[in-house]
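**Student:** The structure under discussion is supplied below as structure tokens; questions concerning it will follow.
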Amino acid sequence: MVKKIDKNELTMYMVTHKSVNFVPAGRTPIFVGGGDNKNNYLRDNTGDNIAEKNPHFCELTAMYWIWKNDKSSKYVSIEHYRRFFMDPAAIIPKVCTPEKIISFLEEEKIVLPDIVTNTISIKEYYQTYHSKDDYENTAQIIHNIYPEYSKDFQTVMLGKSSFGLNMMVVPKPVFDKYCEWLFTILFKLEDITDLSNRSKYQQRAYGFMSERLEYVWLLHNGFNLARIKQLPIYSVVEGKKIYSILKSMKHRLNKKPYDPTKYPVPK
């Protein structure tokens, strides 16, 4: 029997660092960073928060706020102001409705972006294009405080696939358990990391690392691909609807492995 979920049990958060004109139906914008919140969105700097860490933690400051302060939602969704889950059945790309998202949850699946496969391993990618020290320190932290995850860490890092983007739709208790694990690791990594000589892009270290750690947690906790509804991404280019549709269509049709040598990561 399919479990029925009331629409009010799901809160769909849209993380943004600026006021935008495009907010899909059912989304609750949550503002991060120090910009002008002229539309008076919900902010990540109230209650129990780490808002000041946004330059280094990216959308994770919103995720932390949701973890610590949302006590009423039974399910939560995380999307970005320029990336949303796309309706997989739509011929012309469009954003997934809350009703469609709920239908996937009712199948007892969690929702994630389509898995991305690289031409090289996650370990090689991270050590080459981000930080070898951060990689090795994270591996050691996991070995020290979550040794039962070490095998899963190696499995994911030696593989070539990850979900990325920190986008998800999950039951709130699952989200809470994941956040407790994730932030415990990242805060310990933060304690031993000096970002002062890195570019602004590479200072987003904890956001980058979290994208790789997500699959580690999922694998260890039994969320195999059969329990995950993968959705393509609807990419928003503000003020350019046709271009957004075409860009999203190209993204959905492109099944080639991601080659970082063709799209070099900023130093």
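Chain identifiers are assigned as A, B, and so on, following the order in which chains appear in the structure tokens; residues are numbered from 1 within each chain, and ligands are numbered from 1 in order of appearance.
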Please report, as JSON lines, each residue of range 53-127 of chain A lying at most 8 Å from range 199-204 of chain A, together with the nearest pair of atoms and the separation in Å rounded to one decimal; use only C-alpha atoms, and order rows by chain and ascending residue number.
**Tutor:**
{"residue": "A:Pro55", "atom": "CA", "partner": "A:Arg204", "partner_atom": "CA", "distance": 6.2}
{"residue": "A:His56", "atom": "CA", "partner": "A:Arg204", "partner_atom": "CA", "distance": 4.1}
{"residue": "A:Phe57", "atom": "CA", "partner": "A:Arg204", "partner_atom": "CA", "distance": 5.9}
{"residue": "A:Cys58", "atom": "CA", "partner": "A:Arg204", "partner_atom": "CA", "distance": 6.5}
**Student:** With only C-alpha atoms as the counted atoms, please give the residues lying no more than 10 Å from Ile192 in chain A, apart from itself and same-chain residues fewer than 4 positions off, as a ChimeraX atom specification.
**Tutor:** /A:134,137,187-188
**Student:** Report as a tab-separated table: every residue of range 106-137 of chain A with an atom at most 9 Å from range 208-225 of chain A, its closest pair of atoms, and their distance in Å to one decimal, counting only C-alpha atoms, with rows sorted by chain and ascending residue number.
**Tutor:**
residue	atom	partner	partner_atom	distance
A:Lys109	CA	A:Phe223	CA	9.0
A:Ile110	CA	A:Phe223	CA	8.5
A:Ile122	CA	A:Arg212	CA	7.6
A:Tyr126	CA	A:Met209	CA	8.5
A:His130	CA	A:Phe208	CA	8.3
A:Asp134	CA	A:Met209	CA	8.2
A:Tyr135	CA	A:Met209	CA	8.0
**Student:** Save the residues we just selected, all heavy atoms, as a CSV table (one decimal), in the first residue's frame?
**Tutor:**
chain,number,residue,atom,x,y,z
A,109,LYS,N,11.1,6.5,-2.0
A,109,LYS,CA,12.4,6.8,-2.5
A,109,LYS,C,12.8,8.2,-2.1
A,109,LYS,O,11.9,9.0,-1.7
A,109,LYS,CB,12.3,6.8,-4.1
A,109,LYS,CG,12.0,5.4,-4.7
A,109,LYS,CD,12.0,5.5,-6.2
A,109,LYS,CE,11.7,4.2,-6.9
A,109,LYS,NZ,12.8,3.3,-6.8
A,110,ILE,N,14.1,8.4,-2.0
A,110,ILE,CA,14.6,9.8,-1.8
A,110,ILE,C,14.9,10.3,-3.2
A,110,ILE,O,15.0,9.5,-4.2
A,110,ILE,CB,15.8,9.8,-0.9
A,110,ILE,CG1,17.0,9.1,-1.6
A,110,ILE,CG2,15.5,9.3,0.4
A,110,ILE,CD1,18.3,9.3,-0.8
A,122,ILE,N,37.0,10.0,-8.3
A,122,ILE,CA,36.6,11.2,-7.5
A,122,ILE,C,37.9,11.6,-6.7
A,122,ILE,O,38.1,12.8,-6.5
A,122,ILE,CB,35.5,10.8,-6.5
A,122,ILE,CG1,34.3,10.3,-7.2
A,122,ILE,CG2,35.2,11.9,-5.6
A,122,ILE,CD1,33.7,11.3,-8.2
A,126,TYR,N,39.5,15.3,-7.0
A,126,TYR,CA,39.6,16.2,-5.9
A,126,TYR,C,41.1,16.6,-5.6
A,126,TYR,O,41.4,17.7,-5.4
A,126,TYR,CB,39.0,15.6,-4.6
A,126,TYR,CG,38.5,16.6,-3.7
A,126,TYR,CD1,37.2,17.1,-3.8
A,126,TYR,CD2,39.4,17.2,-2.7
A,126,TYR,CE1,36.8,18.1,-3.0
A,126,TYR,CE2,38.9,18.2,-1.9
A,126,TYR,CZ,37.6,18.7,-2.0
A,126,TYR,OH,37.2,19.7,-1.2
A,130,HIS,N,41.2,20.3,-6.5
A,130,HIS,CA,40.9,21.0,-5.3
A,130,HIS,C,42.1,20.9,-4.3
A,130,HIS,O,43.1,21.6,-4.6
A,130,HIS,CB,39.6,20.5,-4.6
A,130,HIS,CG,38.4,20.8,-5.4
A,130,HIS,ND1,38.0,22.1,-5.7
A,130,HIS,CD2,37.5,20.0,-6.1
A,130,HIS,CE1,36.9,22.1,-6.4
A,130,HIS,NE2,36.6,20.9,-6.7
A,134,ASP,N,43.3,18.4,1.9
A,134,ASP,CA,41.9,18.3,2.4
A,134,ASP,C,41.4,16.9,2.2
A,134,ASP,O,40.7,16.3,3.1
A,134,ASP,CB,41.0,19.3,1.6
A,134,ASP,CG,41.2,20.7,2.0
A,134,ASP,OD1,42.1,21.0,2.9
A,134,ASP,OD2,40.5,21.6,1.4
A,135,TYR,N,41.7,16.3,1.1
A,135,TYR,CA,41.3,14.9,0.8
A,135,TYR,C,41.9,14.0,1.9
A,135,TYR,O,41.2,13.2,2.5
A,135,TYR,CB,41.7,14.5,-0.5
A,135,TYR,CG,41.4,13.0,-0.8
A,135,TYR,CD1,40.1,12.7,-1.4
A,135,TYR,CD2,42.3,12.0,-0.5
A,135,TYR,CE1,39.8,11.3,-1.6
A,135,TYR,CE2,41.9,10.7,-0.7
A,135,TYR,CZ,40.7,10.3,-1.3
A,135,TYR,OH,40.4,9.0,-1.5
**Student:** For the interface of range 75-161 of chain A with range 246-266 of chain A (cut-off 8 Å, counting only C-alpha atoms), please tabulate each contacting residue of range 75-161 of chain A alongside its nearest pair of atoms and their separation in Å to one decimal, rows sorted by chain and increasing number, as a tab-separated table.
**Tutor:**
residue	atom	partner	partner_atom	distance
A:Ile92	CA	A:Met249	CA	7.6
A:Pro93	CA	A:Met249	CA	6.2
A:Val116	CA	A:Tyr258	CA	7.2
A:Thr117	CA	A:Pro257	CA	5.1
A:Asn118	CA	A:Tyr258	CA	4.5
A:Thr119	CA	A:Asp259	CA	5.3
A:Ile120	CA	A:Asp259	CA	7.7
A:Tyr125	CA	A:Pro260	CA	7.7
A:Tyr129	CA	A:Val265	CA	6.1
**Student:** Selected residues, C-alpha atoms, written as an mmCIF file, in the first residue's frame, please.
**Tutor:**
data_model
loop_
_atom_site.group_PDB
_atom_site.id
_atom_site.type_symbol
_atom_site.label_atom_id
_atom_site.label_comp_id
_atom_site.auth_asym_id
_atom_site.auth_seq_id
_atom_site.Cartn_x
_atom_site.Cartn_y
_atom_site.Cartn_z
ATOM 1 C CA ILE A 92 9.714 20.288 -22.929
ATOM 2 C CA PRO A 93 11.827 20.734 -19.770
ATOM 3 C CA VAL A 116 27.419 12.255 -12.616
ATOM 4 C CA THR A 117 30.209 10.036 -13.901
ATOM 5 C CA ASN A 118 33.691 11.480 -14.443
ATOM 6 C CA THR A 119 36.469 10.311 -16.729
ATOM 7 C CA ILE A 120 38.720 10.016 -13.657
ATOM 8 C CA TYR A 125 39.601 14.729 -9.403
ATOM 9 C CA TYR A 129 41.518 20.230 -8.941
#
**Student:** Sorted by chain and rising residue number, which residues of range 16-58 of chain A lie within 9 Å of range 66-85 of chain A, and what are their closest atom pairs and distances in Å to one decimal, counting only C-alpha atoms, as JSON lines?
**Tutor:**
{"residue": "A:Thr16", "atom": "CA", "partner": "A:Tyr81", "partner_atom": "CA", "distance": 5.2}
{"residue": "A:His17", "atom": "CA", "partner": "A:Tyr81", "partner_atom": "CA", "distance": 8.3}
{"residue": "A:Lys18", "atom": "CA", "partner": "A:Tyr81", "partner_atom": "CA", "distance": 8.6}
{"residue": "A:Val20", "atom": "CA", "partner": "A:Tyr81", "partner_atom": "CA", "distance": 7.5}
{"residue": "A:Phe22", "atom": "CA", "partner": "A:Tyr81", "partner_atom": "CA", "distance": 7.8}
{"residue": "A:Val23", "atom": "CA", "partner": "A:Tyr81", "partner_atom": "CA", "distance": 7.5}
{"residue": "A:Pro24", "atom": "CA", "partner": "A:Phe84", "partner_atom": "CA", "distance": 8.8}
{"residue": "A:Arg27", "atom": "CA", "partner": "A:Glu79", "partner_atom": "CA", "distance": 8.8}
{"residue": "A:Pro29", "atom": "CA", "partner": "A:Tyr81", "partner_atom": "CA", "distance": 8.0}
{"residue": "A:Asp44", "atom": "CA", "partner": "A:Ile66", "partner_atom": "CA", "distance": 8.3}
{"residue": "A:Thr46", "atom": "CA", "partner": "A:Asn69", "partner_atom": "CA", "distance": 8.8}
{"residue": "A:Gly47", "atom": "CA", "partner": "A:Asn69", "partner_atom": "CA", "distance": 6.7}
{"residue": "A:Asp48", "atom": "CA", "partner": "A:Lys68", "partner_atom": "CA", "distance": 6.2}
{"residue": "A:Asn49", "atom": "CA", "partner": "A:Lys68", "partner_atom": "CA", "distance": 7.6}
**Student:** Return as a ChimeraX atom specification the full set of residues in range 11-239 of chain A whose backbone-based DSSP assignment is strand (DSSP E).
**Tutor:** /A:11-16,27-31,42-43,75-80,83-85,110-113,116-117,161-162,168-171,228-231,233-235
**Student:** How would the residues just picked look written out with N, CA and C atoms as a CSV table (one decimal), in the first residue's frame?
**Tutor:**
chain,number,residue,atom,x,y,z
A,11,THR,N,8.5,20.7,3.0
A,11,THR,CA,9.0,22.0,2.8
A,11,THR,C,10.1,22.0,1.7
A,12,MET,N,9.9,22.8,0.7
A,12,MET,CA,10.8,22.8,-0.4
A,12,MET,C,11.6,24.1,-0.4
A,13,TYR,N,12.8,24.0,0.1
A,13,TYR,CA,13.7,25.1,0.3
A,13,TYR,C,14.5,25.4,-1.0
A,14,MET,N,14.5,26.7,-1.3
A,14,MET,CA,15.3,27.2,-2.5
A,14,MET,C,16.4,28.1,-2.0
A,15,VAL,N,17.6,27.6,-2.0
A,15,VAL,CA,18.8,28.4,-1.5
A,15,VAL,C,19.2,29.5,-2.5
A,16,THR,N,19.3,30.7,-2.0
A,16,THR,CA,19.7,31.8,-2.9
A,16,THR,C,20.6,32.8,-2.1
A,27,ARG,N,8.0,26.6,-3.5
A,27,ARG,CA,9.3,26.7,-3.0
A,27,ARG,C,9.3,27.8,-1.9
A,28,THR,N,10.2,27.6,-0.9
A,28,THR,CA,10.4,28.6,0.1
A,28,THR,C,11.9,29.1,0.0
A,29,PRO,N,12.1,30.3,-0.5
A,29,PRO,CA,13.5,30.8,-0.6
A,29,PRO,C,14.1,31.0,0.8
A,30,ILE,N,15.4,30.6,0.9
A,30,ILE,CA,16.2,30.8,2.1
A,30,ILE,C,17.4,31.5,1.7
A,31,PHE,N,17.7,32.7,2.2
A,31,PHE,CA,18.7,33.6,1.8
A,31,PHE,C,20.0,33.3,2.6
A,42,LEU,N,13.2,34.2,4.0
A,42,LEU,CA,13.7,33.5,5.2
A,42,LEU,C,15.3,33.5,5.1
A,43,ARG,N,15.9,33.8,6.3
A,43,ARG,CA,17.4,33.9,6.3
A,43,ARG,C,18.0,32.8,7.1
A,75,TYR,N,9.3,16.2,5.7
A,75,TYR,CA,10.1,16.0,4.5
A,75,TYR,C,10.7,17.3,4.1
A,76,VAL,N,11.9,17.3,3.6
A,76,VAL,CA,12.5,18.6,3.2
A,76,VAL,C,13.2,18.4,1.8
A,77,SER,N,13.1,19.5,1.0
A,77,SER,CA,13.7,19.5,-0.3
A,77,SER,C,14.7,20.6,-0.3
A,78,ILE,N,15.9,20.4,-1.0
A,78,ILE,CA,16.9,21.4,-1.1
A,78,ILE,C,17.2,21.6,-2.6
A,79,GLU,N,16.9,22.8,-3.1
A,79,GLU,CA,17.2,23.2,-4.5
A,79,GLU,C,18.0,24.5,-4.4
A,80,HIS,N,18.4,25.0,-5.6
A,80,HIS,CA,19.1,26.3,-5.7
A,80,HIS,C,18.3,27.3,-6.6
A,83,ARG,N,19.1,26.1,-10.0
A,83,ARG,CA,19.0,24.7,-10.3
A,83,ARG,C,17.8,24.1,-9.6
A,84,PHE,N,16.9,23.4,-10.3
A,84,PHE,CA,15.8,22.8,-9.7
A,84,PHE,C,15.6,21.4,-10.3
A,85,PHE,N,14.9,20.5,-9.6
A,85,PHE,CA,14.6,19.2,-10.1
A,85,PHE,C,13.7,19.4,-11.3
A,110,ILE,N,14.1,8.4,-2.0
A,110,ILE,CA,14.6,9.8,-1.8
A,110,ILE,C,14.9,10.3,-3.2
A,111,VAL,N,14.9,11.6,-3.4
A,111,VAL,CA,15.1,12.2,-4.7
A,111,VAL,C,16.5,12.9,-4.7
A,112,LEU,N,17.3,12.6,-5.7
A,112,LEU,CA,18.6,13.3,-5.9
A,112,LEU,C,18.8,13.6,-7.4
A,113,PRO,N,19.7,14.5,-7.7
A,113,PRO,CA,20.0,14.8,-9.1
A,113,PRO,C,20.6,13.5,-9.8
A,116,VAL,N,26.5,11.8,-11.6
A,116,VAL,CA,27.4,12.3,-12.6
A,116,VAL,C,28.6,11.3,-12.6
A,117,THR,N,29.0,10.9,-13.8
A,117,THR,CA,30.2,10.0,-13.9
A,117,THR,C,31.3,10.8,-14.5
A,161,SER,N,31.8,8.1,-9.8
A,161,SER,CA,30.5,8.7,-9.8
A,161,SER,C,30.1,9.3,-8.5
A,162,SER,N,29.3,10.4,-8.6
A,162,SER,CA,28.8,11.1,-7.4
A,162,SER,C,27.6,11.9,-7.8
A,168,MET,N,18.5,17.6,-2.8
A,168,MET,CA,17.9,16.4,-2.3
A,168,MET,C,16.5,16.6,-1.8
A,169,VAL,N,15.7,15.5,-1.8
A,169,VAL,CA,14.4,15.5,-1.2
A,169,VAL,C,14.4,14.2,-0.3
A,170,VAL,N,14.3,14.4,1.0
A,170,VAL,CA,14.4,13.3,1.9
A,170,VAL,C,13.5,13.5,3.1
A,171,PRO,N,13.2,12.4,3.8
A,171,PRO,CA,12.5,12.6,5.1
A,171,PRO,C,13.4,13.4,6.1
A,228,ILE,N,16.7,5.4,-4.8
A,228,ILE,CA,16.9,6.8,-5.2
A,228,ILE,C,16.2,7.1,-6.5
A,229,LYS,N,15.4,8.1,-6.5
A,229,LYS,CA,14.8,8.6,-7.7
A,229,LYS,C,15.7,9.7,-8.2
A,230,GLN,N,16.4,9.4,-9.3
A,230,GLN,CA,17.3,10.4,-9.9
A,230,GLN,C,16.5,11.3,-10.9
A,231,LEU,N,16.7,12.6,-10.8
A,231,LEU,CA,16.0,13.5,-11.7
A,231,LEU,C,17.1,14.4,-12.4
A,233,ILE,N,18.3,18.0,-14.0
A,233,ILE,CA,18.3,19.4,-13.4
A,233,ILE,C,17.8,20.4,-14.5
A,234,TYR,N,16.8,21.2,-14.0
A,234,TYR,CA,16.4,22.3,-14.8
A,234,TYR,C,17.2,23.5,-14.4
A,235,SER,N,18.0,24.0,-15.4
A,235,SER,CA,19.0,25.1,-15.1
A,235,SER,C,18.3,26.4,-15.5
**Student:** Please indicate the distance in Å from CA of Arg198 in chain A to CA of Gly159 in chain A, rounded to one decimal place.
**Tutor:** 27.2 Å
**Student:** Nearest residue to Lys267 in chain A out of A:Gln154, A:Ser131, A:Asn166, A:Thr97, using only C-alpha atoms?
**Tutor:**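 Among A:Gln154, A:Ser131, A:Asn166, A:Thr97, it is A:Ser131 that comes nearest to Lys267 in chain A.
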